[in-house]
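For reference, my_file_18.csv is printed below; it contains CSV, C-alpha atoms.
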chain,number,residue,atom,x,y,z
A,1,MET,CA,-0.9,18.4,-48.7
A,2,THR,CA,-0.2,14.7,-49.1
A,3,ILE,CA,0.0,12.6,-45.9
A,4,TYR,CA,1.6,9.2,-46.0
A,5,PRO,CA,2.7,6.7,-43.3
A,6,GLN,CA,6.4,7.4,-43.5
A,7,LEU,CA,5.7,11.1,-42.8
A,8,ILE,CA,3.9,10.1,-39.6
A,9,ILE,CA,6.7,7.6,-38.6
A,10,ASP,CA,9.4,10.2,-39.1
A,11,ALA,CA,7.5,12.7,-37.0
A,12,LEU,CA,7.1,10.1,-34.2
A,13,LYS,CA,10.9,9.5,-34.1
A,14,ASN,CA,11.1,12.9,-32.3
A,15,VAL,CA,9.1,11.5,-29.3
A,16,ARG,CA,11.2,9.9,-26.6
A,17,TYR,CA,9.7,7.5,-24.0
A,18,PRO,CA,10.4,9.1,-20.5
A,19,GLY,CA,11.3,5.8,-18.9
A,20,THR,CA,14.2,5.0,-21.3
A,21,GLY,CA,14.9,8.1,-23.4
A,22,GLN,CA,14.6,6.0,-26.5
A,23,ASP,CA,12.4,7.2,-29.4
A,24,ILE,CA,9.0,5.4,-29.5
A,25,VAL,CA,9.6,4.2,-33.1
A,26,SER,CA,12.9,2.5,-32.3
A,27,ALA,CA,11.4,1.1,-29.1
A,28,GLY,CA,8.7,-0.6,-31.1
A,29,MET,CA,5.9,1.3,-29.5
A,30,VAL,CA,4.2,2.4,-32.8
A,31,GLU,CA,2.0,-0.4,-34.2
A,32,ASP,CA,2.0,-1.0,-37.9
A,33,ASN,CA,-1.7,0.1,-38.3
A,34,ILE,CA,-1.4,3.8,-39.4
A,35,ARG,CA,-4.7,4.7,-41.0
A,36,ILE,CA,-5.0,7.9,-43.2
A,37,GLU,CA,-8.4,9.2,-44.3
A,38,GLY,CA,-8.0,12.6,-45.9
A,39,MET,CA,-6.5,14.8,-43.1
A,40,LYS,CA,-7.4,12.3,-40.3
A,41,VAL,CA,-4.6,10.1,-39.0
A,42,SER,CA,-5.1,7.3,-36.4
A,43,PHE,CA,-2.9,4.5,-35.1
A,44,SER,CA,-2.0,2.6,-31.9
A,45,LEU,CA,0.8,2.8,-29.4
A,46,ILE,CA,1.9,-0.4,-27.7
A,47,THR,CA,3.0,-0.5,-24.0
A,48,GLU,CA,4.7,-3.2,-22.1
A,49,LYS,CA,2.4,-2.9,-19.1
A,50,ALA,CA,-1.3,-2.2,-19.0
A,51,HIS,CA,-0.9,0.6,-16.5
A,52,ASP,CA,2.1,2.5,-18.0
A,53,PRO,CA,2.5,5.7,-15.8
A,54,PHE,CA,4.0,7.6,-18.8
A,55,ILE,CA,1.6,6.6,-21.6
A,56,LYS,CA,-0.7,9.6,-21.3
A,57,SER,CA,2.3,12.0,-21.6
A,58,VAL,CA,3.6,10.0,-24.6
A,59,VAL,CA,0.2,10.2,-26.4
A,60,LYS,CA,0.2,14.0,-26.0
A,61,MET,CA,3.8,14.3,-27.2
A,62,ALA,CA,3.0,12.1,-30.2
A,63,GLU,CA,0.1,14.3,-31.1
A,64,GLN,CA,2.2,17.4,-30.8
A,65,ALA,CA,5.1,15.8,-32.8
A,66,ILE,CA,2.7,15.0,-35.7
A,67,LEU,CA,1.3,18.6,-35.7
A,68,THR,CA,4.8,20.0,-35.6
A,69,TYR,CA,6.8,17.8,-38.0
A,70,ALA,CA,4.1,16.3,-40.3
A,71,GLY,CA,1.5,19.1,-40.7
A,72,LYS,CA,-0.3,21.5,-38.4
A,73,ASP,CA,-3.7,20.8,-40.1
A,74,ILE,CA,-3.6,17.0,-39.5
A,75,ASP,CA,-6.6,15.7,-37.5
A,76,ILE,CA,-4.8,13.6,-34.8
A,77,LYS,CA,-6.2,14.7,-31.4
A,78,GLY,CA,-8.0,11.8,-29.8
A,79,ASN,CA,-7.1,9.4,-32.6
A,80,ILE,CA,-4.2,7.6,-30.9
A,81,SER,CA,-5.3,4.5,-29.1
A,82,VAL,CA,-3.2,2.5,-26.6
A,83,LYS,CA,-2.7,-1.3,-26.5
A,84,SER,CA,-0.8,-3.3,-23.9
A,85,LYS,CA,1.3,-6.4,-24.3
A,86,GLN,CA,0.1,-7.6,-20.9
A,87,PRO,CA,-3.5,-8.1,-19.8
A,88,PRO,CA,-4.6,-5.3,-17.5
A,89,ARG,CA,-4.8,-5.7,-13.7
A,90,PRO,CA,-8.2,-6.7,-12.4
A,91,ASP,CA,-10.8,-4.0,-12.1
A,92,LEU,CA,-11.6,-2.6,-8.6
A,93,PRO,CA,-12.5,-4.0,-6.2
A,94,ASP,CA,-11.2,-7.4,-7.4
A,95,LEU,CA,-7.5,-6.7,-7.1
A,96,LEU,CA,-7.0,-9.2,-4.3
A,97,PRO,CA,-9.4,-12.1,-5.0
A,98,GLY,CA,-7.6,-14.5,-2.7
A,99,VAL,CA,-7.6,-12.3,0.3
A,100,LYS,CA,-10.3,-12.8,3.0
A,101,ASN,CA,-9.7,-9.9,5.3
A,102,ILE,CA,-7.9,-6.6,4.7
A,103,ILE,CA,-6.9,-4.8,7.9
A,104,ALA,CA,-5.7,-1.2,8.2
A,105,VAL,CA,-3.3,-0.6,11.0
A,106,ALA,CA,-3.2,3.1,11.6
A,107,SER,CA,-2.5,5.9,14.0
A,108,GLY,CA,-3.2,9.6,13.8
A,109,LYS,CA,0.3,10.4,15.1
A,110,GLY,CA,3.8,9.2,14.2
A,111,GLY,CA,6.2,7.8,16.8
A,112,VAL,CA,3.7,5.6,18.6
A,113,GLY,CA,5.2,2.3,17.4
A,114,LYS,CA,2.5,1.6,14.8
A,115,SER,CA,4.9,-0.3,12.5
A,116,THR,CA,6.3,-2.3,15.4
A,117,VAL,CA,2.8,-3.3,16.4
A,118,CYS,CA,1.8,-4.1,12.8
A,119,THR,CA,5.0,-6.2,12.2
A,120,ASN,CA,4.6,-8.2,15.4
A,121,LEU,CA,0.9,-8.7,14.9
A,122,ALA,CA,1.6,-10.1,11.5
A,123,VAL,CA,4.1,-12.5,12.9
A,124,ALA,CA,1.8,-13.5,15.8
A,125,LEU,CA,-1.0,-14.3,13.3
A,126,ALA,CA,1.4,-16.4,11.1
A,127,GLN,CA,2.6,-18.3,14.1
A,128,LYS,CA,-1.1,-19.3,14.8
A,129,GLY,CA,-1.2,-20.8,11.3
A,130,TYR,CA,-2.9,-18.1,9.4
A,131,LYS,CA,-1.8,-17.0,5.9
A,132,VAL,CA,-0.7,-13.4,6.4
A,133,GLY,CA,0.4,-10.6,4.1
A,134,LEU,CA,1.8,-7.2,5.0
A,135,LEU,CA,2.0,-4.1,2.9
A,136,ASP,CA,4.2,-1.3,4.2
A,137,ALA,CA,2.2,1.7,2.9
A,138,ASP,CA,4.4,4.2,4.8
A,139,ILE,CA,6.0,5.5,1.5
A,140,PHE,CA,8.1,8.2,3.1
A,141,GLY,CA,9.3,6.1,6.1
A,142,PRO,CA,9.3,2.4,5.2
A,143,SER,CA,10.6,0.4,8.1
A,144,VAL,CA,9.1,-3.0,7.6
A,145,PRO,CA,12.0,-4.5,5.6
A,146,LYS,CA,14.4,-3.7,8.5
A,147,MET,CA,12.0,-5.1,11.1
A,148,PHE,CA,11.8,-8.3,9.2
A,149,GLY,CA,15.6,-8.5,8.6
A,150,VAL,CA,15.2,-8.4,4.8
A,151,GLU,CA,16.5,-4.9,3.9
A,152,ASP,CA,18.7,-6.4,1.2
A,153,ALA,CA,16.1,-8.6,-0.4
A,154,GLY,CA,15.0,-7.9,-3.9
A,155,PRO,CA,11.4,-8.9,-5.0
A,156,MET,CA,11.4,-11.0,-8.1
A,157,LEU,CA,9.0,-10.9,-11.0
A,158,GLU,CA,7.0,-13.9,-12.3
A,159,LYS,CA,4.7,-14.4,-15.2
A,160,ARG,CA,1.1,-15.3,-14.2
A,161,ASP,CA,-1.7,-15.4,-16.7
A,162,GLY,CA,0.2,-13.2,-19.2
A,163,ARG,CA,1.1,-10.6,-16.5
A,164,ASP,CA,4.4,-9.8,-14.9
A,165,LEU,CA,3.7,-9.9,-11.1
A,166,ILE,CA,5.9,-8.9,-8.2
A,167,VAL,CA,6.6,-11.8,-5.9
A,168,PRO,CA,6.4,-10.5,-2.2
A,169,VAL,CA,9.3,-11.2,0.0
A,170,GLU,CA,8.6,-13.7,2.7
A,171,ASN,CA,10.0,-14.1,6.2
A,172,TYR,CA,8.7,-15.6,9.4
A,173,GLY,CA,5.6,-16.9,7.5
A,174,VAL,CA,4.6,-13.4,6.4
A,175,LYS,CA,4.5,-12.2,2.8
A,176,MET,CA,5.5,-8.5,2.6
A,177,LEU,CA,6.1,-5.7,0.2
A,178,SER,CA,7.4,-2.2,0.8
A,179,ILE,CA,8.7,0.7,-1.2
A,180,GLY,CA,11.8,0.2,0.8
A,181,PHE,CA,12.7,-2.7,-1.4
A,182,PHE,CA,12.8,-0.5,-4.5
A,183,VAL,CA,14.7,2.6,-3.3
A,184,ASN,CA,18.2,3.1,-1.8
A,185,LYS,CA,17.7,2.7,2.0
A,186,GLY,CA,19.9,5.7,2.6
A,187,ASP,CA,17.9,8.0,0.3
A,188,ALA,CA,14.9,10.0,1.2
A,189,VAL,CA,11.7,9.3,-0.9
A,190,VAL,CA,10.8,12.7,-2.3
A,191,TRP,CA,7.6,12.1,-4.3
A,192,ARG,CA,4.4,14.0,-4.9
A,193,GLY,CA,1.2,12.4,-3.6
A,194,ALA,CA,0.2,11.1,-7.0
A,195,MET,CA,3.5,9.2,-7.5
A,196,ALA,CA,3.2,7.7,-4.0
A,197,SER,CA,-0.4,6.6,-4.6
A,198,ASN,CA,0.4,5.0,-8.0
A,199,ALA,CA,3.3,3.1,-6.3
A,200,LEU,CA,1.0,1.7,-3.7
A,201,LYS,CA,-1.5,0.6,-6.3
A,202,GLN,CA,1.2,-1.3,-8.1
A,203,LEU,CA,2.3,-3.0,-4.9
A,204,ILE,CA,-1.3,-4.1,-4.3
A,205,GLY,CA,-2.6,-4.9,-7.8
A,206,ASP,CA,0.6,-6.0,-9.6
A,207,ALA,CA,1.8,-8.4,-7.0
A,208,ASP,CA,1.1,-12.1,-6.5
A,209,TRP,CA,-0.3,-12.1,-3.0
A,210,GLY,CA,-2.1,-15.4,-3.5
A,211,GLU,CA,-4.4,-16.8,-0.8
A,212,LEU,CA,-4.4,-14.8,2.5
A,213,ASP,CA,-6.5,-15.0,5.6
A,214,TYR,CA,-5.2,-11.5,6.7
A,215,PHE,CA,-3.7,-8.8,4.7
A,216,LEU,CA,-2.4,-6.1,7.0
A,217,ILE,CA,-1.7,-2.6,5.6
A,218,ASP,CA,0.7,-0.4,7.7
A,219,PHE,CA,-0.8,3.0,7.0
A,220,PRO,CA,1.4,6.1,7.2
A,221,PRO,CA,0.8,8.5,10.1
A,222,GLY,CA,-1.8,11.2,9.8
A,223,THR,CA,-4.8,11.5,7.4
A,224,SER,CA,-3.6,12.2,3.9
A,225,ASP,CA,-4.3,11.5,0.3
A,226,ILE,CA,-2.5,8.2,0.6
A,227,HIS,CA,-5.1,7.1,3.1
A,228,LEU,CA,-7.9,8.0,0.6
A,229,THR,CA,-6.1,6.1,-2.2
A,230,LEU,CA,-5.9,2.9,-0.1
A,231,VAL,CA,-9.6,2.9,0.9
A,232,GLN,CA,-10.5,3.7,-2.7
A,233,THR,CA,-8.4,0.8,-4.0
A,234,VAL,CA,-9.2,-2.1,-1.7
A,235,PRO,CA,-12.3,-3.0,0.4
A,236,ILE,CA,-10.9,-2.7,4.0
A,237,THR,CA,-12.5,-5.1,6.4
A,238,GLY,CA,-11.7,-2.9,9.4
A,239,ALA,CA,-9.2,-0.6,11.0
A,240,VAL,CA,-7.0,-1.1,14.1
A,241,ILE,CA,-5.9,2.2,15.7
A,242,VAL,CA,-2.6,2.3,17.6
A,243,SER,CA,-1.8,4.9,20.2
A,244,THR,CA,0.2,5.4,23.4
A,245,PRO,CA,-1.6,6.3,26.6
A,246,GLN,CA,-0.5,10.0,26.6
A,247,GLU,CA,-3.1,12.7,25.7
A,248,VAL,CA,-1.0,14.2,22.9
A,249,ALA,CA,-1.2,10.8,21.0
A,250,LEU,CA,-4.8,10.2,22.0
A,251,ALA,CA,-5.9,13.5,20.4
A,252,ASP,CA,-4.5,12.4,17.1
A,253,ALA,CA,-5.9,8.9,17.5
A,254,ARG,CA,-9.3,10.5,17.7
A,255,LYS,CA,-8.7,12.1,14.3
A,256,GLY,CA,-7.7,8.7,12.9
A,257,ILE,CA,-10.9,7.2,14.2
A,258,SER,CA,-12.9,10.1,12.8
A,259,MET,CA,-11.3,9.6,9.3
A,260,PHE,CA,-12.3,5.9,9.1
A,261,THR,CA,-15.7,6.3,10.6
A,262,GLY,CA,-16.7,9.4,8.6
A,263,ASP,CA,-19.6,9.3,6.2
A,264,LYS,CA,-17.4,9.3,3.1
A,265,VAL,CA,-15.0,6.5,4.2
A,266,ASN,CA,-17.1,4.4,6.7
A,267,VAL,CA,-14.6,1.7,7.5
A,268,PRO,CA,-15.4,-0.2,10.8
A,269,ILE,CA,-13.0,0.2,13.7
A,270,LEU,CA,-12.1,-3.3,15.0
A,271,GLY,CA,-10.5,-1.9,18.1
A,272,LEU,CA,-7.6,0.0,19.6
A,273,VAL,CA,-4.1,-1.1,20.7
A,274,GLU,CA,-2.4,0.7,23.5
A,275,ASN,CA,1.4,0.6,22.8
A,276,MET,CA,4.0,1.6,25.4
A,277,SER,CA,1.4,1.0,28.1
A,278,TRP,CA,4.0,0.7,30.9
A,279,PHE,CA,7.7,0.0,31.3
A,280,THR,CA,8.8,-3.3,32.8
A,281,PRO,CA,12.5,-3.9,33.5
A,282,ALA,CA,13.6,-7.4,32.5
A,283,GLU,CA,15.1,-8.0,35.9
A,284,LEU,CA,11.8,-6.9,37.7
A,285,PRO,CA,9.1,-8.4,35.5
A,286,GLU,CA,6.4,-7.7,38.1
A,287,ASN,CA,7.1,-4.0,38.2
A,288,ARG,CA,5.2,-1.5,36.0
A,289,TYR,CA,6.2,2.1,35.5
A,290,TYR,CA,3.6,4.2,33.6
A,291,ILE,CA,5.9,6.5,31.7
A,292,PHE,CA,3.4,7.9,29.2
A,293,GLY,CA,0.4,7.9,31.6
A,294,LYS,CA,-1.9,5.1,32.6
A,295,GLU,CA,-4.6,3.5,30.5
A,296,GLY,CA,-5.3,6.5,28.4
A,297,CYS,CA,-6.0,4.4,25.3
A,298,LYS,CA,-8.2,2.1,27.4
A,299,ARG,CA,-10.3,5.1,28.5
A,300,LEU,CA,-10.5,6.3,24.8
A,301,ALA,CA,-11.7,2.8,23.7
A,302,GLU,CA,-14.4,2.9,26.4
A,303,GLU,CA,-15.4,6.4,25.6
A,304,GLN,CA,-15.7,5.7,21.8
A,305,GLY,CA,-17.4,2.3,22.4
A,306,TYR,CA,-14.6,0.2,20.8
A,307,ALA,CA,-12.7,-2.9,22.1
A,308,LEU,CA,-9.2,-2.5,23.5
A,309,LEU,CA,-7.5,-5.3,21.6
A,310,GLY,CA,-4.2,-5.2,23.5
A,311,GLN,CA,-1.8,-3.4,25.8
A,312,ILE,CA,1.9,-3.7,24.8
A,313,PRO,CA,4.5,-2.9,27.5
A,314,ILE,CA,7.8,-1.1,26.8
A,315,VAL,CA,10.5,-3.7,27.0
A,316,GLN,CA,14.0,-3.4,25.7
A,317,SER,CA,13.7,-6.5,23.6
A,318,ILE,CA,11.0,-4.9,21.4
A,319,ARG,CA,13.5,-2.2,20.3
A,320,GLU,CA,16.3,-4.8,19.9
A,321,GLY,CA,14.0,-7.1,17.9
A,322,GLY,CA,13.0,-4.3,15.6
A,323,ASP,CA,16.6,-3.2,15.0
A,324,ASP,CA,17.9,-6.8,14.6
A,325,GLY,CA,15.1,-7.9,12.2
A,326,GLN,CA,13.8,-10.5,14.7
A,327,PRO,CA,10.3,-9.5,15.9
A,328,VAL,CA,9.6,-10.2,19.6
A,329,ALA,CA,6.4,-12.0,18.6
A,330,LEU,CA,8.6,-14.9,17.6
A,331,HIS,CA,9.3,-15.6,21.3
A,332,SER,CA,5.8,-16.6,22.3
A,333,ASP,CA,6.7,-17.3,25.9
A,334,SER,CA,8.2,-13.8,26.6
A,335,ILE,CA,6.2,-11.0,28.2
A,336,THR,CA,5.9,-9.2,24.9
A,337,GLY,CA,5.4,-12.4,22.9
A,338,ILE,CA,2.4,-13.2,25.1
A,339,ALA,CA,1.1,-9.6,24.7
A,340,PHE,CA,1.2,-9.9,20.8
A,341,SER,CA,-0.2,-13.4,20.9
A,342,GLU,CA,-3.2,-12.1,22.9
A,343,LEU,CA,-3.5,-9.2,20.5
A,344,ALA,CA,-3.6,-11.6,17.5
A,345,ASP,CA,-6.4,-13.7,19.2
A,346,ASN,CA,-8.4,-10.6,20.0
A,347,LEU,CA,-8.1,-9.3,16.4
A,348,VAL,CA,-9.3,-12.6,15.0
A,349,GLN,CA,-12.3,-12.5,17.3
A,350,ALA,CA,-13.0,-8.8,16.4
A,351,VAL,CA,-12.8,-9.6,12.7
A,352,GLU,CA,-15.1,-12.6,13.0
A,353,LYS,CA,-17.6,-10.5,15.0
A,354,ARG,CA,-17.4,-7.7,12.4
A,355,ASN,CA,-18.0,-10.2,9.6
A,356,ARG,CA,-21.0,-11.7,11.3
A,357,GLU,CA,-22.7,-8.5,12.2
A,358,LEU,CA,-21.8,-6.0,9.4
A,359,PRO,CA,-22.2,-6.2,5.6
A,360,LYS,CA,-19.1,-6.8,3.5
A,361,THR,CA,-17.0,-3.7,3.0
A,362,GLY,CA,-16.7,-2.2,-0.5
A,363,ILE,CA,-14.2,0.2,-1.8
A,364,VAL,CA,-14.8,3.8,-0.9
A,365,GLU,CA,-16.2,6.0,-3.7
A,366,ILE,CA,-15.3,9.7,-3.0
A,367,THR,CA,-16.6,12.2,-5.5
A,368,ARG,CA,-15.6,15.9,-5.6
A,369,LYS,CA,-18.3,18.5,-5.7
structure tokens encoding of this file:
Amino acid sequence: MTIYPQLIIDALKNVRYPGTGQDIVSAGMVEDNIRIEGMKVSFSLITEKAHDPFIKSVVKMAEQAILTYAGKDIDIKGNISVKSKQPPRPDLPDLLPGVKNIIAVASGKGGVGKSTVCTNLAVALAQKGYKVGLLDADIFGPSVPKMFGVEDAGPMLEKRDGRDLIVPVENYGVKMLSIGFFVNKGDAVVWRGAMASNALKQLIGDADWGELDYFLIDFPPGTSDIHLTLVQTVPITGAVIVSTPQEVALADARKGISMFTGDKVNVPILGLVENMSWFTPAELPENRYYIFGKEGCKRLAEEQGYALLGQIPIVQSIREGGDDGQPVALHSDSITGIAFSELADNLVQAVEKRNRELPKTGIVEITRK
């Protein structure tokens, strides 16, 4: 049997790139370096990006196409290399070289106002002059774009050192990215865990975050594979746990604390935030009504030996600010504005104390037995 380059090229025309449906030859993905040594064939495929999510599948399809259309006895398995037109993203843990502190804002339970706390905390830090970034890692319920009033924004791409990088959307002095910018806001995100994890890695490593004092990550509720992906991707300085005072929420907050402090993850807890601590009517600012119980999160913090970073009351303006895209932390002289300003100050102190007393965090390495 005689093997020649055109035979290989013709076979590869049967392989279509999943992202476009175009065959890989017409798409210019087959490099002009086909090498034939007896029955052994080798060549390179060229991708636009260093971390092409489809390239492994394309390599397998190319191998199968050659065996099917060029000859079943051709030695091709393992002989297709991959090159990229762009330089690869930096290796772990150097994805965010300009970021000083990475803060996980998490809760064991949904519905406790974690994203509201994270959004207003980011704004409060920015108002104090810090450079702040915010990643909405809640893939299946992204709410940060709405809370910042930028639902219709579209992140741009820029060329930096030969790489196409996503430019975060900026508002109120906070740089932010969310999967909500890339999907129809009326559609549910129905992805398997691997797809969600890869999307988050792109939002972290393929974005131009620049220099940041604080990079807040709004973790999804619960303890899932997305949480593990994040702690395996970036070195998290510490975690902030958000809960309401009621026992049902506190039970799940304990699980969130357990996840971060477990032997495999070992991320320091910076402190707890008690959200919805009490209800205060605007017309009766001195009155407090403990709808969800009194100081439950404070007791949990004391029980676990962590700082209580803040207590945020229920005020109608918090809900209105979230819906209108104007976080209440912008109004530093209001009841809630003062509460978030104090939370920001306490977080800064907690981070400084953590950095003085504990070694620098590394990315988590979790191996399966």
**Study point:** Pairwise distance for CA of Ile139 in chain A and CA of Ser178 in chain A, rounded to one decimal in Å
**Key:**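 Separation of CA of Ile139 in chain A and CA of Ser178 in chain A: 7.9 Å.
Residue nearest Met276 in chain A, chosen from A:Gln326, A:Thr116, A:Ser341, A:Ser258 and counting only C-alpha atoms: A:Thr116.
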List every residue of range 215-268 of chain A that has an atom at most 10 Å from any atom of range 165-176 of chain A, and for each one report the closest atom pair and its distance in Å to one decimal, counting only C-alpha atoms, with rows sorted by chain and then by increasing residue number, as CSV.
residue,atom,partner,partner_atom,distance
A:Phe215,CA,A:Lys175,CA,9.1
A:Leu216,CA,A:Met176,CA,9.4
A:Ile217,CA,A:Met176,CA,9.8
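Distance check against Lys255 in chain A using only C-alpha atoms: of A:Pro142, A:Pro221, A:Gly71, A:Gly325, the minimum falls on A:Pro221.
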Exercise for review: Using all atoms listed in the file, pick whichever of A:Glu274, A:Asp213, A:Glu365, A:Glu48 has the shortest atom-to-atom distance to Val112 in chain A.
Suggested key: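 Ranking A:Glu274, A:Asp213, A:Glu365, A:Glu48 by distance to Val112 in chain A, first place goes to A:Glu274.
In this structure, CA of Asp73 in chain A sits 13.1 Å away from CA of Ile8 in chain A.
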Check your understanding: Just how far from CA of Ile36 in chain A is CA of Ile80 in chain A, in Å to one decimal?
Key ->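 Separating CA of Ile80 in chain A from CA of Ile36 in chain A is a distance of 12.3 Å.
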